[in-house]
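Undergrad: This is the content of protein-v5.tsv (TSV, C-alpha atoms):
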```
chain	number	residue	atom	x	y	z
A	1	MET	CA	67.71	82.12	94.21
A	2	SER	CA	69.29	80.87	97.37
A	3	LEU	CA	67.57	81.32	100.70
A	4	VAL	CA	70.85	80.97	102.57
A	5	SER	CA	72.28	84.19	103.91
A	6	ARG	CA	75.51	85.00	102.10
A	7	SER	CA	77.33	85.80	105.31
A	8	SER	CA	76.51	82.38	106.77
A	9	VAL	CA	78.01	80.41	103.89
A	10	PHE	CA	81.36	78.79	104.70
A	11	ASP	CA	84.05	79.92	102.28
A	12	PRO	CA	87.20	77.80	102.46
A	13	PHE	CA	89.14	80.21	100.24
A	14	SER	CA	88.51	83.38	102.24
A	15	MET	CA	91.19	84.47	104.65
A	16	ASP	CA	88.62	86.26	106.77
A	17	LEU	CA	87.92	84.69	110.11
A	18	TRP	CA	84.36	84.39	111.30
A	19	ASP	CA	83.81	86.35	114.47
A	20	PRO	CA	80.52	85.69	116.25
A	21	PHE	CA	80.78	89.05	117.97
A	22	ASP	CA	81.57	91.03	114.80
A	23	SER	CA	78.04	92.20	113.99
A	24	MET	CA	77.34	92.88	117.65
A	25	PHE	CA	80.55	94.90	117.98
A	26	ARG	CA	79.88	96.80	114.77
A	27	SER	CA	76.40	97.81	115.93
A	28	ILE	CA	77.78	98.96	119.31
A	29	VAL	CA	80.51	101.04	117.66
A	30	GLN	CA	78.10	102.59	115.17
A	31	SER	CA	75.50	103.37	117.80
A	32	ALA	CA	78.09	104.93	120.08
A	33	GLY	CA	78.36	107.83	117.63
A	34	SER	CA	82.09	108.14	118.15
A	35	PRO	CA	84.13	109.87	115.44
A	36	ASP	CA	85.68	106.51	114.55
A	37	SER	CA	82.32	104.84	113.95
A	38	ASP	CA	82.30	105.93	110.29
A	39	THR	CA	85.77	104.53	109.80
A	40	ALA	CA	84.83	101.26	111.49
A	41	ALA	CA	81.81	100.86	109.23
A	42	PHE	CA	83.79	101.45	106.03
A	43	ALA	CA	86.80	99.41	107.13
A	44	ALA	CA	84.79	96.20	106.87
A	45	ALA	CA	83.85	96.65	103.20
A	46	ARG	CA	81.48	93.89	102.15
A	47	ILE	CA	82.47	91.97	99.04
A	48	ASP	CA	80.53	89.34	97.11
A	49	TRP	CA	82.45	86.47	95.49
A	50	LYS	CA	80.80	84.25	92.92
A	51	GLU	CA	82.23	81.56	90.70
A	52	THR	CA	81.04	81.16	87.13
A	53	PRO	CA	82.18	78.45	84.71
A	54	GLU	CA	84.70	80.94	83.28
A	55	ALA	CA	85.87	83.05	86.22
A	56	HIS	CA	85.80	84.10	89.87
A	57	VAL	CA	83.98	87.44	90.12
A	58	PHE	CA	84.30	89.79	93.11
A	59	LYS	CA	81.95	92.77	93.55
A	60	ALA	CA	82.21	95.54	96.12
A	61	ASP	CA	79.94	98.53	96.63
A	62	LEU	CA	82.23	101.54	96.94
A	63	PRO	CA	80.04	104.63	96.48
A	64	GLY	CA	81.96	107.87	96.45
A	65	VAL	CA	85.34	106.16	95.97
A	66	LYS	CA	87.40	107.23	92.97
A	67	LYS	CA	89.33	104.78	90.80
A	68	GLU	CA	92.59	106.33	92.04
A	69	GLU	CA	91.65	105.52	95.65
A	70	VAL	CA	91.34	101.75	95.07
A	71	LYS	CA	94.11	99.15	94.68
A	72	VAL	CA	93.70	95.60	93.40
A	73	GLU	CA	96.76	93.38	93.80
A	74	VAL	CA	97.78	89.73	93.84
A	75	GLU	CA	100.18	88.82	96.66
A	76	ASP	CA	102.16	85.62	97.10
A	77	GLY	CA	100.91	84.30	93.77
A	78	ASN	CA	97.38	83.44	94.91
A	79	VAL	CA	96.04	86.07	97.35
A	80	LEU	CA	93.78	88.75	95.90
A	81	VAL	CA	94.02	92.01	97.87
A	82	ILE	CA	91.41	94.74	97.44
A	83	SER	CA	92.16	97.93	99.37
A	84	GLY	CA	91.37	101.59	99.28
A	85	GLN	CA	90.23	104.68	101.08
A	86	ARG	CA	87.31	107.05	101.05
A	87	SER	CA	88.27	110.51	102.24
A	88	LYS	CA	86.14	112.32	104.77
A	89	GLU	CA	84.34	115.39	103.50
A	90	LYS	CA	86.03	118.66	104.48
A	91	GLU	CA	84.16	120.55	107.14
A	92	ASP	CA	83.61	124.28	107.08
A	93	LYS	CA	83.46	126.13	110.40
A	94	ASN	CA	80.15	127.71	109.35
A	95	ASP	CA	78.51	124.34	108.60
A	96	ARG	CA	76.14	122.83	111.12
A	97	TRP	CA	75.79	119.09	110.69
A	98	HIS	CA	72.48	117.47	111.64
A	99	ARG	CA	73.40	113.91	110.76
A	100	VAL	CA	76.51	112.10	109.51
A	101	GLU	CA	75.79	108.58	108.27
A	102	ARG	CA	78.12	108.11	105.30
A	103	SER	CA	81.26	106.22	106.20
A	104	SER	CA	84.86	107.01	105.38
A	105	GLY	CA	88.27	105.58	106.05
A	106	GLN	CA	90.48	102.77	104.80
A	107	PHE	CA	89.57	99.22	103.93
A	108	MET	CA	91.43	96.07	102.95
A	109	ARG	CA	90.16	92.60	102.14
A	110	ARG	CA	92.17	89.49	101.22
A	111	PHE	CA	90.97	86.37	99.43
A	112	ARG	CA	92.96	83.20	98.86
A	113	LEU	CA	92.37	82.20	95.25
A	114	PRO	CA	91.99	78.55	94.25
A	115	GLY	CA	94.59	76.78	92.11
A	116	ASN	CA	92.61	77.20	88.89
A	117	ALA	CA	92.80	81.04	89.01
A	118	LYS	CA	94.72	82.74	86.20
A	119	VAL	CA	96.26	85.47	88.36
A	120	ASP	CA	98.17	86.93	85.42
A	121	GLN	CA	94.88	87.83	83.68
A	122	VAL	CA	93.00	89.63	86.50
A	123	LYS	CA	90.83	92.54	85.36
A	124	ALA	CA	89.16	95.22	87.48
A	125	GLY	CA	86.68	97.98	86.74
A	126	LEU	CA	84.86	100.61	88.78
A	127	GLU	CA	81.51	101.69	87.38
A	128	ASN	CA	78.67	103.52	89.15
A	129	GLY	CA	80.29	102.92	92.55
A	130	VAL	CA	80.64	99.15	92.07
A	131	LEU	CA	84.10	97.59	91.84
A	132	THR	CA	84.13	94.39	89.79
A	133	VAL	CA	87.24	92.19	89.81
A	134	THR	CA	87.29	89.25	87.41
A	135	VAL	CA	89.80	86.43	87.82
A	136	PRO	CA	89.61	84.02	84.86
A	137	LYS	CA	89.79	80.29	85.55
A	138	ALA	CA	92.08	77.82	83.81
A	139	GLU	CA	90.27	75.18	81.79
A	140	GLU	CA	89.92	71.93	83.61
A	141	LYS	CA	91.81	69.16	81.89
A	142	LYS	CA	89.45	66.32	81.22
A	143	PRO	CA	90.94	62.95	82.04
A	144	GLU	CA	92.07	61.05	79.00
A	145	VAL	CA	90.24	57.77	78.63
A	146	LYS	CA	92.11	54.97	76.94
A	147	ALA	CA	90.25	51.81	76.02
A	148	ILE	CA	92.04	48.62	76.99
A	149	GLU	CA	91.55	45.60	74.77
A	150	ILE	CA	90.58	42.47	76.62
A	151	SER	CA	92.32	39.34	75.41
A	152	GLY	CA	91.01	35.82	75.58
```
Can you give me the file's structure in the form of structure tokens?
TA:
Amino acid sequence: MSLVSRSSVFDPFSMDLWDPFDSMFRSIVQSAGSPDSDTAAFAAARIDWKETPEAHVFKADLPGVKKEEVKVEVEDGNVLVISGQRSKEKEDKNDRWHRVERSSGQFMRRFRLPGNAKVDQVKAGLENGVLTVTVPKAEEKKPEVKAIEISG
């Protein structure tokens, strides 16, 4: 198990830019209690990306999001795009809310895939609120070694 925080690991393939003020801004927006604070929290959907010997695997926690509300696409031949939307719960005039903490709104994340990604074989599944996207990797060609006879 790694002791390094996942968010502090440099990822050369991600198109996301590191913003030192991001977490500070997010906490300010969420604490402000504005109507957009839920949307802001959901808009920055957190996604894990791990590489196994066989594939690149992306996982996103999307509780309350239906399969029909999520899109997984490959743009420009090597950019994985995961987007979607969680609708806000309808409010009844007779309801009195004491606390609203669940987020809603749209999200979109883009990841630049490495050259060994088989983008024509991408698979995605949504189970128990977790979206898993698997991008198989092409087998690495091992260099051919040719023995050279030494004369003399």
Undergrad: Just give me the gap between CA of Ser83 in chain A and CA of Lys67 in chain A in Å, one decimal is fine.
TA: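 So the answer is 11.3 Å.
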Undergrad: Restricting the calculation to only C-alpha atoms, which member of A:Lys118, A:Arg112, A:Lys90, A:Arg96 is positioned closest to Thr134 in chain A?
TA: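 Nearest candidate to Thr134 in chain A out of A:Lys118, A:Arg112, A:Lys90, A:Arg96: A:Lys118.
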Undergrad: Could you give me, as a PyMOL selection string, the residues within 7 Å of Val65 in chain A, counting only C-alpha atoms and dropping anything in the same chain fewer than 4 positions from it?
TA: chain A and resi 69+86+129
Undergrad: Do you have the CA of Val135 in chain A-CA of Asp61 in chain A distance handy?
TA: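 CA of Asp61 in chain A lies 17.9 Å from CA of Val135 in chain A.
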Undergrad: In Å, with one decimal, what is the gap from CA of Asn116 in chain A to CA of Val81 in chain A?
TA: 17.4 Å
Undergrad: Looking at all atoms listed in the file, which of A:Ala45, A:Thr52, A:Lys88, A:Glu140 is the one that sits closest to Gly105 in chain A?
TA: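 Nearest to Gly105 in chain A: A:Lys88.
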Undergrad: Report, as AutoDock Vina command-line options, the axis-aligned box around all atoms of range 84-92 of chain A present in the file, extended by 3 Å on each side; give centre and edge lengths in Å to one decimal place.
TA:
```
--center_x 87.5 --center_y 112.9 --center_z 103.2 --size_x 13.8 --size_y 28.7 --size_z 13.9
```
Undergrad: Between A:Pro143, A:Val100, A:Gly77, A:Ser151, which residue has the minimum interatomic distance to Gly115 in chain A, considering all atoms listed in the file?
TA: A:Gly77
Undergrad: Find the residue from A:Val119, A:Gly152, A:Ser104, A:Arg46 that sits nearest to Gly64 in chain A; use all atoms listed in the file when measuring.
TA: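 Comparing A:Val119, A:Gly152, A:Ser104, A:Arg46 against Gly64 in chain A, the winner is A:Ser104.
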Undergrad: Hey, which of A:Lys66, A:Glu149, A:His98, A:Lys71 ends up closest to Glu127 in chain A? Count only C-alpha atoms.
TA: A:Lys66
Undergrad: Out of A:Glu51, A:Glu75, A:Glu89, A:Asp95, which residue has the shortest atom-to-atom distance to Val133 in chain A when counting only C-alpha atoms?
TA: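 Comparing A:Glu51, A:Glu75, A:Glu89, A:Asp95 against Val133 in chain A, the winner is A:Glu51.
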